Amino acid sequence: MAKKTYFVTGTDTGVGKTIAAAAILEAARQLGKRTLAMKPIASGCEQTPDGLRNEDALMLQAAITEELPYDALNPIALEPAIAPHVATQQAGKNITAQRLVGFCRGLQIRPADLMLIEGAGGWRVPLNDRETYAAVPRELGLDVVMVVPLKLGCINHAMLTAEAIRADGLFVAGWVANHPEENVMSCEQDTLNYLTTHLGAPCLGVLPWLDGTPADQLPKVLARFLNIRPLIEI
């Protein structure tokens, strides 16, 4: 059974959850840890000879140490690049938190030192008319890793996300600051200082913007900017 399992969420969509998760997995690999990962729902998948495939899920699959069939890592693959609850409606599927919890528990029984479950969008992204994705880590009782993009407005978004996570009775195990854009935000260090002081969780690292690095090499390069020992030692 996976010794440590964390849910990876972002303060919004497009903030770099997958690249941060893949870098964490690579950092764990470099520490000699066995790793697993899941992206239970992925929208924006492409048709391939092997079926629907999502580039984020494929990045996670490449980053883990344990062999895992794609369908186990991404059991619900959706073609439209839209919100999961809309994509599932268009596909005629009924997705519930309990179904996703079942997928996650099925993978958690496999042996590993670290397992990451990547959500979709932000903390309150809908799954259906009644549930949000937050119901999944809440039911599983998982500690959470937040990904915060360094851009205007990130302090408010990060503080509200951490507040919502804790209001749901869960623990923020750490956060990763990511550069989703090439341009450096104004007063970046001041922003980092404020978040480090006020988020109440360890900063696991600051991921730089890397231009020209092949996608399959990004996790290995970015792992150098992380300290994941708080996740391993909790």
# chains A, B, ... in the order shown; residues from 1 in each chain; ligands from 1
$ residues_around --residues "A:Ala120" --least-positions-apart "5" --cutoff "8 Å" --atoms "only C-alpha atoms" --output "list in words"
Thr9, Thr13, Ile41, Ala42, Pro84, Val125 and Tyr133 of chain A
$ write_last_selection --atoms "N, CA, C and O atoms" --output "tab-separated table (two decimals), in the first residue's frame"
chain	number	residue	atom	x	y	z
A	9	THR	N	-3.67	20.02	-5.94
A	9	THR	CA	-4.66	20.96	-6.46
A	9	THR	C	-3.97	22.26	-6.83
A	9	THR	O	-2.83	22.52	-6.44
A	13	THR	N	-7.18	26.81	-12.92
A	13	THR	CA	-6.74	25.92	-13.99
A	13	THR	C	-5.54	26.54	-14.70
A	13	THR	O	-5.33	27.77	-14.65
A	41	ILE	N	-9.66	12.10	-13.69
A	41	ILE	CA	-10.38	12.65	-14.83
A	41	ILE	C	-9.44	13.54	-15.61
A	41	ILE	O	-8.74	14.38	-15.03
A	42	ALA	N	-9.42	13.36	-16.92
A	42	ALA	CA	-8.64	14.24	-17.79
A	42	ALA	C	-9.49	14.62	-18.99
A	42	ALA	O	-9.94	13.74	-19.74
A	84	PRO	N	-14.64	19.42	-16.47
A	84	PRO	CA	-14.98	17.99	-16.40
A	84	PRO	C	-16.47	17.72	-16.31
A	84	PRO	O	-16.95	16.78	-16.96
A	125	VAL	N	-13.82	22.89	-8.34
A	125	VAL	CA	-14.31	22.56	-9.68
A	125	VAL	C	-15.42	21.53	-9.58
A	125	VAL	O	-15.31	20.55	-8.83
A	133	TYR	N	-14.93	18.50	-6.88
A	133	TYR	CA	-13.80	17.57	-6.81
A	133	TYR	C	-13.25	17.47	-5.39
A	133	TYR	O	-12.64	16.48	-5.00
$ select_by_dssp --residues "stretch 5-175 of chain A" --states "helix (DSSP H, G or I)" --output "JSON, numbers by chain"
{"A": [17, 18, 19, 20, 21, 22, 23, 24, 25, 26, 27, 28, 29, 30, 55, 56, 57, 58, 59, 60, 61, 62, 63, 70, 71, 72, 73, 84, 85, 86, 87, 88, 89, 90, 97, 98, 99, 100, 101, 102, 103, 104, 105, 106, 107, 108, 135, 136, 137, 138, 139, 140, 154, 155, 156, 157, 158, 159, 160, 161, 162, 163, 164, 165, 166, 167]}
$ residues_around --residues "A:Pro149" --least-positions-apart "5" --cutoff "10 Å" --atoms "only C-alpha atoms" --output "ChimeraX atom specification"
/A:10-17,154-155,157-158,176-181,206-207
$ closest_residue --among "A:Val148, A:Ala87, A:Ala21, A:Ile76" --to "A:Thr35" --atoms "only C-alpha atoms"
A:Ala21
$ residues_around --residues "A:Thr65" --least-positions-apart "3" --cutoff "10 Å" --atoms "only C-alpha atoms" --output "PyMOL selection string"
chain A and resi 25-26+28-29+32-37+61-62+68+112
$ write_last_selection --atoms "all heavy atoms" --output "compact mmCIF listing (two decimals), in the first residue's frame"
# COMPACT_ATOMS: atom_id res chain seq x y z
N LEU A 25 7.45 13.90 -8.30
CA LEU A 25 7.67 12.47 -8.51
C LEU A 25 9.13 12.19 -8.90
O LEU A 25 9.73 11.21 -8.43
CB LEU A 25 6.73 11.95 -9.60
CG LEU A 25 5.24 11.94 -9.23
CD1 LEU A 25 4.38 11.75 -10.47
CD2 LEU A 25 4.93 10.86 -8.19
N GLU A 26 9.69 13.04 -9.74
CA GLU A 26 11.08 12.87 -10.14
C GLU A 26 12.02 13.09 -8.95
O GLU A 26 13.00 12.36 -8.76
CB GLU A 26 11.43 13.83 -11.27
CG GLU A 26 12.90 13.84 -11.68
CD GLU A 26 13.40 12.48 -12.16
OE1 GLU A 26 12.61 11.72 -12.75
OE2 GLU A 26 14.60 12.19 -11.95
N ALA A 28 11.31 12.51 -5.88
CA ALA A 28 11.17 11.31 -5.05
C ALA A 28 11.97 10.16 -5.63
O ALA A 28 12.62 9.39 -4.90
CB ALA A 28 9.71 10.93 -4.92
N ARG A 29 11.94 10.03 -6.95
CA ARG A 29 12.73 9.00 -7.61
C ARG A 29 14.21 9.17 -7.28
O ARG A 29 14.92 8.20 -7.00
CB ARG A 29 12.52 9.07 -9.13
CG ARG A 29 13.31 8.01 -9.93
CD ARG A 29 13.55 8.47 -11.35
NE ARG A 29 12.33 8.70 -12.09
CZ ARG A 29 11.71 7.79 -12.83
NH1 ARG A 29 12.21 6.58 -12.94
NH2 ARG A 29 10.61 8.11 -13.49
N GLY A 32 15.33 7.75 -4.20
CA GLY A 32 15.22 6.30 -4.11
C GLY A 32 13.84 5.81 -3.71
O GLY A 32 13.68 4.66 -3.28
N LYS A 33 12.81 6.66 -3.87
CA LYS A 33 11.46 6.30 -3.49
C LYS A 33 10.69 5.70 -4.66
O LYS A 33 10.89 6.07 -5.82
CB LYS A 33 10.70 7.53 -2.97
CG LYS A 33 11.39 8.24 -1.81
CD LYS A 33 11.53 7.35 -0.59
CE LYS A 33 12.16 8.10 0.57
NZ LYS A 33 12.33 7.23 1.76
N ARG A 34 9.78 4.78 -4.34
CA ARG A 34 8.89 4.19 -5.35
C ARG A 34 7.63 5.06 -5.43
O ARG A 34 7.06 5.43 -4.40
CB ARG A 34 8.51 2.76 -4.96
CG ARG A 34 9.71 1.84 -4.86
CD ARG A 34 9.30 0.49 -4.29
NE ARG A 34 8.40 -0.22 -5.19
CZ ARG A 34 7.81 -1.39 -4.89
NH1 ARG A 34 8.04 -1.96 -3.71
NH2 ARG A 34 7.02 -1.98 -5.76
N THR A 35 7.21 5.36 -6.65
CA THR A 35 6.13 6.33 -6.80
C THR A 35 5.01 5.84 -7.72
O THR A 35 5.24 5.06 -8.65
CB THR A 35 6.66 7.66 -7.37
OG1 THR A 35 7.27 7.42 -8.66
CG2 THR A 35 7.69 8.28 -6.44
N LEU A 36 3.82 6.36 -7.45
CA LEU A 36 2.63 6.13 -8.27
C LEU A 36 1.92 7.48 -8.44
O LEU A 36 2.13 8.41 -7.65
CB LEU A 36 1.67 5.15 -7.60
CG LEU A 36 2.07 3.68 -7.55
CD1 LEU A 36 1.16 2.92 -6.59
CD2 LEU A 36 2.00 3.06 -8.95
N ALA A 37 1.07 7.58 -9.45
CA ALA A 37 0.29 8.80 -9.65
C ALA A 37 -1.00 8.47 -10.36
O ALA A 37 -1.13 7.43 -11.03
CB ALA A 37 1.09 9.82 -10.45
N GLN A 61 2.58 9.45 -16.11
CA GLN A 61 2.92 8.05 -16.32
C GLN A 61 4.42 7.89 -16.54
O GLN A 61 5.03 6.92 -16.04
CB GLN A 61 2.15 7.50 -17.53
CG GLN A 61 2.31 6.00 -17.73
CD GLN A 61 1.53 5.50 -18.92
OE1 GLN A 61 1.40 6.20 -19.92
NE2 GLN A 61 0.99 4.30 -18.83
N ALA A 62 5.03 8.83 -17.25
CA ALA A 62 6.47 8.76 -17.50
C ALA A 62 7.28 9.07 -16.25
O ALA A 62 8.43 8.64 -16.12
CB ALA A 62 6.85 9.72 -18.62
N LEU A 68 2.50 1.15 -14.76
CA LEU A 68 1.07 1.33 -14.54
C LEU A 68 0.39 1.50 -15.89
O LEU A 68 0.77 2.38 -16.67
CB LEU A 68 0.83 2.57 -13.67
CG LEU A 68 -0.54 2.74 -13.04
CD1 LEU A 68 -0.84 1.61 -12.06
CD2 LEU A 68 -0.61 4.08 -12.30
N ALA A 112 4.01 1.44 -2.77
CA ALA A 112 4.78 2.62 -3.19
C ALA A 112 5.10 3.44 -1.95
O ALA A 112 4.45 3.30 -0.92
CB ALA A 112 4.00 3.46 -4.20
$ atom_distance --atom1 "atom CA of A:Gln108" --atom2 "atom CA of A:Met159"
29.5 Å
$ residues_around --residues "A:Arg130" --least-positions-apart "3" --cutoff "10 Å" --atoms "only C-alpha atoms" --output "PyMOL selection string"
chain A and resi 96-97+126-127
$ select_by_dssp --residues "stretch 19-233 of chain A" --states "strand (DSSP E or B)" --output "JSON, numbers by chain"
{"A": [35, 36, 37, 38, 41, 42, 46, 47, 48, 51, 52, 53, 76, 77, 112, 113, 114, 115, 116, 117, 118, 119, 120, 121, 122, 126, 132, 143, 144, 145, 146, 147, 148, 149, 172, 173, 174, 175, 176, 177, 178, 203, 204, 205, 206, 207, 226]}
$ closest_residue --among "A:Tyr6, A:Ile95, A:Pro208, A:Ala167" --to "A:Pro230" --atoms "only C-alpha atoms"
A:Tyr6
$ closest_residue --among "A:Ser186, A:Thr18, A:Asn94, A:Thr132" --to "A:Lys151" --atoms "only C-alpha atoms"
A:Ser186
$ closest_residue --among "A:Arg105, A:Arg110, A:Asn156, A:Gln89" --to "A:Gly141" --atoms "only C-alpha atoms"
A:Arg105
$ closest_residue --among "A:Ile24, A:Leu114, A:Leu150, A:Val172" --to "A:Glu233" --atoms "only C-alpha atoms"
A:Leu114
$ residues_around --residues "A:Arg224" --least-positions-apart "2" --cutoff "10 Å" --atoms "only C-alpha atoms" --output "list in words"
Ala23, Ile24, Glu26, Ala27, Gln30, Gly205, Leu207, Pro219, Lys220, Val221, Leu222, Leu226 and Asn227 of chain A
$ closest_residue --among "A:Phe7, A:Trp209, A:Phe103, A:Tyr194" --to "A:Leu170" --atoms "only C-alpha atoms"
A:Phe7
$ residues_around --residues "A:Thr5" --least-positions-apart "4" --cutoff "8 Å" --atoms "only C-alpha atoms" --output "list in words"
Gln108, Leu114, Met115, Leu116, Ile117, Leu142 and Asp143 of chain A
$ write_last_selection --atoms "C-alpha atoms" --output "short mmCIF file (atom, residue, chain, number, x, y, z; two decimals), in the first residue's frame"
data_model
loop_
_atom_site.label_atom_id
_atom_site.label_comp_id
_atom_site.auth_asym_id
_atom_site.auth_seq_id
_atom_site.Cartn_x
_atom_site.Cartn_y
_atom_site.Cartn_z
CA GLN A 108 -3.58 3.03 -3.25
CA LEU A 114 4.65 8.18 -2.52
CA MET A 115 1.45 8.51 -4.54
CA LEU A 116 0.05 11.71 -6.03
CA ILE A 117 -3.54 12.22 -7.15
CA LEU A 142 -5.77 13.14 2.04
CA ASP A 143 -3.27 15.86 2.81
#
$ atom_distance --atom1 "atom CA of A:Asn128" --atom2 "atom CA of A:Trp175"
27.3 Å
$ atom_distance --atom1 "atom CA of A:Met1" --atom2 "atom CA of A:Glu139"
17.7 Å
